[in-house]
$ cat query_20.cif   # mmCIF, C-alpha atoms and all ligand atoms
data_structure
#
loop_
_atom_site.label_atom_id
_atom_site.label_comp_id
_atom_site.auth_asym_id
_atom_site.auth_seq_id
_atom_site.Cartn_x
_atom_site.Cartn_y
_atom_site.Cartn_z
CA MET A 11 6.03 1.15 -18.74
CA PRO A 12 9.41 1.69 -17.10
CA GLU A 13 11.84 -1.13 -16.57
CA LEU A 14 11.13 -2.48 -13.11
CA SER A 15 12.62 -4.91 -10.64
CA TRP A 16 10.83 -5.95 -7.50
CA ALA A 17 10.57 -8.18 -4.49
CA ALA A 18 8.06 -8.82 -1.73
CA GLY A 19 7.89 -10.67 1.54
CA THR A 20 5.80 -11.08 4.65
CA ASP A 21 6.22 -12.28 8.19
CA VAL A 22 3.62 -13.29 10.74
CA GLY A 23 5.41 -11.39 13.49
CA ARG A 24 4.29 -12.38 16.94
CA ARG A 25 0.76 -13.04 15.78
CA LYS A 26 -0.59 -16.55 15.56
CA LYS A 27 -1.48 -16.21 11.92
CA ASN A 28 -0.71 -13.99 8.99
CA GLU A 29 -3.74 -12.25 7.56
CA ASP A 30 -1.76 -9.94 5.32
CA ALA A 31 -1.60 -10.82 1.64
CA TYR A 32 0.18 -9.36 -1.33
CA VAL A 33 0.37 -9.54 -5.09
CA VAL A 34 3.38 -8.74 -7.26
CA ARG A 35 2.91 -9.41 -10.96
CA GLY A 36 5.23 -7.08 -12.82
CA ASP A 37 2.72 -4.32 -13.39
CA VAL A 38 0.67 -4.40 -10.19
CA PHE A 39 2.11 -4.45 -6.68
CA ALA A 40 -0.30 -4.38 -3.74
CA VAL A 41 -0.73 -5.27 -0.09
CA ALA A 42 -3.96 -6.27 1.66
CA ASP A 43 -4.30 -6.35 5.44
CA GLY A 44 -7.24 -8.39 6.70
CA MET A 45 -9.21 -6.46 9.24
CA GLY A 46 -8.87 -7.17 12.91
CA GLY A 47 -12.05 -7.95 14.71
CA HIS A 48 -13.55 -9.33 11.57
CA ALA A 49 -14.41 -12.96 11.21
CA ARG A 50 -12.24 -13.84 8.25
CA GLY A 51 -9.78 -11.11 7.53
CA ASP A 52 -7.49 -13.59 5.80
CA VAL A 53 -10.22 -14.51 3.34
CA ALA A 54 -10.92 -10.88 2.53
CA ALA A 55 -7.24 -10.06 2.05
CA THR A 56 -6.67 -13.07 -0.17
CA MET A 57 -9.74 -12.28 -2.27
CA ALA A 58 -8.50 -8.73 -2.75
CA VAL A 59 -5.03 -9.63 -3.96
CA GLU A 60 -6.28 -12.49 -6.12
CA ALA A 61 -8.67 -10.09 -7.83
CA LEU A 62 -5.74 -7.89 -8.80
CA ALA A 63 -3.70 -10.92 -9.81
CA GLY A 64 -6.48 -11.78 -12.26
CA LEU A 65 -6.45 -8.39 -13.95
CA ARG A 66 -5.84 -8.75 -17.66
CA GLU A 67 -2.48 -7.85 -19.07
CA ARG A 68 -2.15 -4.38 -20.54
CA PHE A 69 -4.95 -3.22 -18.33
CA GLN A 70 -6.24 0.30 -18.23
CA ARG A 71 -6.60 2.32 -15.07
CA THR A 72 -10.37 2.13 -15.11
CA GLU A 73 -10.21 -1.65 -15.24
CA LEU A 74 -7.97 -1.87 -12.21
CA LEU A 75 -10.28 0.37 -10.21
CA GLU A 76 -13.31 -1.60 -11.37
CA VAL A 77 -11.69 -4.86 -10.24
CA ILE A 78 -11.25 -3.37 -6.78
CA ARG A 79 -14.88 -2.23 -6.64
CA ARG A 80 -16.08 -5.63 -7.80
CA VAL A 81 -14.13 -7.58 -5.20
CA HIS A 82 -15.33 -5.12 -2.58
CA GLN A 83 -18.87 -6.13 -3.48
CA GLU A 84 -17.93 -9.81 -3.36
CA ILE A 85 -16.31 -9.48 0.05
CA SER A 86 -19.26 -7.44 1.26
CA ALA A 87 -21.64 -10.17 0.16
CA LEU A 88 -19.65 -12.77 2.08
CA ALA A 89 -19.44 -10.47 5.06
CA ALA A 90 -23.21 -10.27 5.16
CA ASP A 91 -23.22 -13.98 5.99
CA THR A 92 -20.94 -13.76 9.00
CA GLY A 93 -23.63 -13.07 11.56
CA GLY A 94 -22.62 -9.50 12.06
CA LEU A 95 -18.93 -10.17 12.61
CA GLY A 96 -18.08 -8.90 9.19
CA MET A 97 -14.88 -9.22 7.25
CA GLY A 98 -12.76 -6.68 5.54
CA THR A 99 -9.38 -5.73 4.25
CA THR A 100 -7.25 -2.83 3.23
CA LEU A 101 -5.95 -2.76 -0.35
CA THR A 102 -3.10 -0.47 -1.25
CA GLY A 103 -0.61 -0.46 -4.06
CA ILE A 104 0.71 0.78 -7.36
CA GLY A 105 0.03 -0.12 -10.97
CA PHE A 106 1.69 0.57 -14.29
CA GLU A 107 -0.40 0.83 -17.42
CA SER A 108 1.51 -0.51 -20.38
CA GLU A 109 0.54 2.41 -22.57
CA ARG A 110 1.50 5.08 -20.06
CA PRO A 111 5.26 5.10 -19.72
CA ASN A 112 6.72 6.86 -16.74
CA VAL A 113 3.40 7.11 -14.96
CA VAL A 114 2.46 5.18 -11.84
CA LEU A 115 -1.06 4.74 -10.52
CA VAL A 116 -1.25 4.85 -6.72
CA PHE A 117 -4.37 3.45 -5.08
CA ASN A 118 -5.46 3.06 -1.49
CA VAL A 119 -8.30 1.86 0.68
CA GLY A 120 -7.48 1.65 4.39
CA ASP A 121 -4.25 2.18 6.26
CA SER A 122 -1.65 0.25 4.35
CA ARG A 123 0.74 2.63 2.64
CA VAL A 124 2.73 3.49 -0.45
CA TYR A 125 5.95 5.46 -0.16
CA ARG A 126 8.40 6.65 -2.77
CA LEU A 127 12.10 7.09 -2.17
CA ARG A 128 13.57 9.59 -4.65
CA GLY A 129 17.15 10.42 -3.96
CA SER A 130 17.22 10.38 -0.18
CA GLU A 131 13.70 11.75 0.27
CA LEU A 132 10.96 9.42 1.42
CA ARG A 133 7.46 10.60 0.62
CA GLN A 134 4.24 8.92 1.67
CA LEU A 135 1.98 8.81 -1.38
CA THR A 136 -1.16 7.55 0.35
CA HIS A 137 -3.33 8.99 3.08
CA ASP A 138 -4.54 6.61 5.76
CA HIS A 139 -8.26 5.98 6.15
CA SER A 140 -8.25 5.66 9.92
CA VAL A 141 -9.84 7.29 12.93
CA VAL A 142 -6.52 8.55 14.22
CA GLN A 143 -5.60 10.02 10.83
CA GLU A 144 -8.88 11.93 10.85
CA LEU A 145 -8.12 13.18 14.36
CA ILE A 146 -4.67 14.25 13.23
CA ASP A 147 -6.12 15.99 10.19
CA ALA A 148 -8.58 17.83 12.40
CA GLY A 149 -5.82 18.93 14.73
CA HIS A 150 -7.21 17.06 17.72
CA ILE A 151 -4.19 14.84 18.28
CA THR A 152 -0.61 14.79 17.11
CA ALA A 153 0.93 12.04 15.08
CA ALA A 154 2.92 11.06 18.14
CA GLU A 155 -0.27 10.66 20.17
CA ALA A 156 -1.87 8.47 17.54
CA GLY A 157 0.18 5.44 18.48
CA SER A 158 -1.39 5.19 21.91
CA HIS A 159 -4.89 6.34 21.00
CA PRO A 160 -7.62 3.84 21.95
CA ASP A 161 -9.01 3.97 18.40
CA ARG A 162 -5.65 3.47 16.72
CA ASN A 163 -6.89 0.14 15.36
CA VAL A 164 -9.91 1.50 13.59
CA VAL A 165 -9.90 2.03 9.86
CA THR A 166 -12.57 4.21 8.34
CA ARG A 167 -12.62 2.64 4.89
CA SER A 168 -12.17 -0.97 3.84
CA LEU A 169 -13.11 -3.52 1.25
CA GLY A 170 -16.02 -5.54 2.58
CA GLU A 171 -17.86 -2.84 4.49
CA GLY A 172 -20.67 -2.71 1.94
CA GLY A 173 -22.06 0.18 -0.03
CA HIS A 174 -20.21 2.24 -2.57
CA LEU A 175 -16.45 2.05 -2.23
CA GLU A 176 -14.53 5.25 -2.69
CA ILE A 177 -10.99 4.44 -3.77
CA ASP A 178 -8.27 7.02 -3.29
CA TRP A 179 -6.14 7.05 -6.42
CA HIS A 180 -3.89 9.35 -8.31
CA GLN A 181 -1.13 9.18 -10.87
CA GLU A 182 2.41 10.40 -10.63
CA HIS A 183 5.35 10.63 -12.98
CA THR A 184 8.13 8.20 -12.25
CA ARG A 185 11.83 8.86 -12.59
CA GLY A 186 14.71 6.49 -13.14
CA GLY A 187 15.98 5.37 -9.77
CA ASP A 188 12.68 5.78 -7.95
CA ARG A 189 12.12 3.10 -5.32
CA PHE A 190 8.53 2.40 -4.28
CA LEU A 191 7.62 0.80 -0.95
CA VAL A 192 4.21 -0.78 -0.46
CA CYS A 193 3.63 -2.01 3.07
CA SER A 194 1.14 -3.00 5.71
CA ASP A 195 0.96 -1.10 8.98
CA GLY A 196 3.02 -3.80 10.63
CA LEU A 197 6.10 -2.15 9.14
CA VAL A 198 5.48 1.48 10.00
CA LYS A 199 4.17 0.64 13.43
CA GLU A 200 7.54 -0.81 14.38
CA VAL A 201 10.04 1.09 12.25
CA ASP A 202 10.25 4.86 12.13
CA GLU A 203 10.70 6.72 8.87
CA PRO A 204 14.38 7.66 9.34
CA THR A 205 15.18 3.99 9.83
CA ILE A 206 13.14 3.03 6.77
CA VAL A 207 15.03 5.61 4.74
CA ALA A 208 18.37 4.30 5.99
CA VAL A 209 17.51 0.71 5.08
CA LEU A 210 16.22 1.72 1.66
CA LEU A 211 19.39 3.70 0.95
CA GLU A 212 21.68 0.93 2.17
CA SER A 213 19.95 -1.87 0.27
CA THR A 214 21.19 -2.36 -3.27
CA THR A 215 18.50 -4.69 -4.51
CA ALA A 216 14.76 -4.80 -3.98
CA ASP A 217 15.09 -8.21 -2.39
CA GLU A 218 17.68 -6.98 0.08
CA ALA A 219 15.44 -4.05 1.03
CA VAL A 220 12.45 -6.35 1.57
CA GLN A 221 14.39 -8.80 3.71
CA ARG A 222 15.95 -6.08 5.82
CA LEU A 223 12.73 -4.12 6.36
CA VAL A 224 10.75 -7.20 7.35
CA ARG A 225 13.52 -8.36 9.66
CA THR A 226 13.79 -4.92 11.26
CA ALA A 227 10.06 -4.79 11.95
CA VAL A 228 10.17 -8.20 13.59
CA GLU A 229 13.25 -7.31 15.61
CA HIS A 230 11.58 -4.11 16.80
CA GLY A 231 8.69 -6.07 18.26
CA GLY A 232 6.74 -7.56 15.39
CA ARG A 233 3.44 -6.92 17.11
CA ASP A 234 1.59 -7.27 13.83
CA ASN A 235 1.94 -9.10 10.57
CA VAL A 236 4.39 -7.22 8.39
CA THR A 237 4.32 -7.20 4.60
CA VAL A 238 6.64 -5.28 2.30
CA ALA A 239 6.90 -4.95 -1.47
CA ILE A 240 9.69 -2.97 -3.10
CA VAL A 241 9.56 -1.83 -6.73
CA ASP A 242 12.62 -0.24 -8.31
CA VAL A 243 12.48 1.83 -11.47
CA ALA A 244 15.66 1.22 -13.44
CA PRO A 245 18.04 4.17 -13.46
CA THR A 246 18.37 5.83 -16.80
CA ASP A 247 21.03 7.98 -18.43
CA ALA A 248 18.46 9.56 -20.67
CA PRO A 249 17.15 13.03 -19.96
CA ALA A 250 14.26 12.91 -17.54
CA LEU A 251 10.94 12.36 -19.22
CA ASP A 252 9.13 12.48 -15.97
CA GLU A 253 7.50 15.85 -16.33
CA ASP A 254 6.63 15.34 -19.98
CA PRO A 255 3.64 17.64 -20.49
CA ASP A 256 2.27 15.28 -23.11
CA ILE A 257 1.62 12.75 -20.39
CA ASP A 258 -1.40 13.82 -18.48
CA VAL A 259 -1.78 12.54 -15.00
CA ASP A 260 -5.13 12.19 -13.35
CA THR A 261 -6.44 12.06 -9.88
CA ASN A 262 -9.72 11.40 -8.20
CA PRO A 263 -11.48 14.37 -6.65
CA ARG A 264 -9.65 14.02 -3.37
CA PRO A 265 -5.92 14.07 -3.94
CA PRO A 266 -3.66 12.82 -1.19
CA ASP A 267 -2.93 15.15 1.66
CA ARG A 268 0.74 15.02 2.38
CA SER A 269 0.77 17.41 5.28
CA ASP A 270 0.98 14.75 7.94
CA ARG A 271 3.74 12.43 7.01
CA ASP A 272 5.84 12.55 10.09
CA GLY A 273 3.83 10.22 12.24
CA LEU A 274 4.19 6.69 13.21
CA LEU A 275 1.27 4.51 12.77
CA ILE A 276 -1.48 4.04 13.96
CA ALA A 277 -3.52 1.09 13.00
CA ASP A 278 -3.32 -2.37 14.35
CA THR A 279 -5.17 -5.56 13.93
CA ASP A 280 -6.07 -8.37 16.20
CA PRO A 281 -4.44 -11.75 16.13
CA GLY A 282 -5.23 -13.10 12.79
CA ARG A 283 -5.78 -15.94 10.49
CA ALA A 284 -3.70 -17.55 7.83
CA GLY A 285 -2.89 -15.43 4.80
CA PHE A 286 -0.55 -15.36 1.90
CA ALA A 287 2.85 -16.03 3.36
CA GLY A 288 6.23 -16.37 1.77
CA SER A 289 8.18 -14.19 -0.55
CA ALA A 290 8.53 -13.46 -4.22
CA ALA A 291 10.91 -11.59 -6.43
CA GLY A 292 11.13 -10.87 -10.08
CA ARG A 293 12.39 -8.73 -12.83
MN MN A 301 -1.84 -4.83 10.10
#

$ encode --input "query_20.cif" --output "structure tokens"
Amino acid sequence: MPELSWAAGTDVGRRKKNEDAYVVRGDVFAVADGMGGHARGDVAATMAVEALAGLRERFQRTELLEVIRRVHQEISALAADTGGLGMGTTLTGIGFESERPNVVLVFNVGDSRVYRLRGSELRQLTHDHSVVQELIDAGHITAAEAGSHPDRNVVTRSLGEGGHLEIDWHQEHTRGGDRFLVCSDGLVKEVDEPTIVAVLLESTTADEAVQRLVRTAVEHGGRDNVTVAIVDVAPTDAPALDEDPDIDVDTNPRPPDRSDRDGLLIADTDPGRAGFAGSAAGR
């Protein structure tokens, strides 16, 4: 596992309550966004991040994915008792297996996002599960049109919707100096990618980047809860090991489509309920 430093924070924005939640535990960093229109999005989001927080140390990839599937079933069971209102959450993040140095596992359900800043290039590593993303993929709307689309709030995959959960996941090599951003849609809805890049480049520490990104989202309108986690891979003077052919990286059958990364977002949630609030940092 690479040497990491990290920070995370959240803000309710102009909503009454914060139904985002996050977990940062040194090897797993994830954001959950409780679903708008659902009865208890805060409960679902908190269950999701607490499930990851309870993952055993030195976990294997399959265990992390199994934990997500299990809590999906638990949330789905609770949702069945809500009189049809349902409850759900996104769950998006990164994990580092202790026995797989220089490899990061990226996982996603819903429309929260993972980005990687490498040098000055920001790359979105996840693909949204949303109605507008599907319309963009099909060529029916542009990314610019997505922000005003009537279905911009609708996610097409979430924890708590019942049935088998398909988790998008893949692995990537890390490099010294990589900076990962895990965020809820409340960030990308308010702050465009060039601004995100500028803040990431100007912020020396993970904590500074978190504070500035959250503040910028709130200052730009803060129409939704905003949650940000930043994970920095320590720079190294050693020759890059990142493309080491002895380290095999895996992916699920549907690797991320990175063809549509220029858009603003897209999803939104209704005024919410209390969630994990506050901030955390570590090293
Ligand atoms: Mn949201």

$ atom_distance --input "query_20.cif" --atom1 "CA of Arg128 in chain A" --atom2 "CA of Gly157 in chain A"
27.0 Å

$ closest_residue --input "query_20.cif" --among "A:Ala55, A:Val207, A:Leu115, A:Leu132" --to "ligand MN 301 (chain A)" --atoms "only C-alpha atoms and all ligand atoms"
A:Ala55

$ atom_distance --input "query_20.cif" --atom1 "CA of Val165 in chain A" --atom2 "CA of Tyr32 in chain A"
18.9 Å

$ residues_around --input "query_20.cif" --residues "Ser86 in chain A" --least-positions-apart "2" --cutoff "10 Å" --atoms "all atoms listed in the file" --output "NGL selection string"
:A and (54 or 80-84 or 88-91 or 96-98 or 168-173)

$ write_last_selection --input "query_20.cif" --atoms "C-alpha atoms" --output "compact mmCIF listing (two decimals), in the coordinates of the input"
# COMPACT_ATOMS: atom_id res chain seq x y z
CA ALA A 54 -10.92 -10.88 2.53
CA ARG A 80 -16.08 -5.63 -7.80
CA VAL A 81 -14.13 -7.58 -5.20
CA HIS A 82 -15.33 -5.12 -2.58
CA GLN A 83 -18.87 -6.13 -3.48
CA GLU A 84 -17.93 -9.81 -3.36
CA LEU A 88 -19.65 -12.77 2.08
CA ALA A 89 -19.44 -10.47 5.06
CA ALA A 90 -23.21 -10.27 5.16
CA ASP A 91 -23.22 -13.98 5.99
CA GLY A 96 -18.08 -8.90 9.19
CA MET A 97 -14.88 -9.22 7.25
CA GLY A 98 -12.76 -6.68 5.54
CA SER A 168 -12.17 -0.97 3.84
CA LEU A 169 -13.11 -3.52 1.25
CA GLY A 170 -16.02 -5.54 2.58
CA GLU A 171 -17.86 -2.84 4.49
CA GLY A 172 -20.67 -2.71 1.94
CA GLY A 173 -22.06 0.18 -0.03

$ atom_distance --input "query_20.cif" --atom1 "CA of Ile85 in chain A" --atom2 "CA of Val142 in chain A"
24.9 Å

$ closest_residue --input "query_20.cif" --among "A:Gln221, A:Thr215, A:Thr102, A:Ser194" --to "Val241 in chain A" --atoms "only C-alpha atoms"
A:Thr215

$ closest_residue --input "query_20.cif" --among "A:Asp234, A:Glu155, A:Glu212, A:Glu60" --to "ligand MN 301 (chain A)" --atoms "only C-alpha atoms and all ligand atoms"
A:Asp234
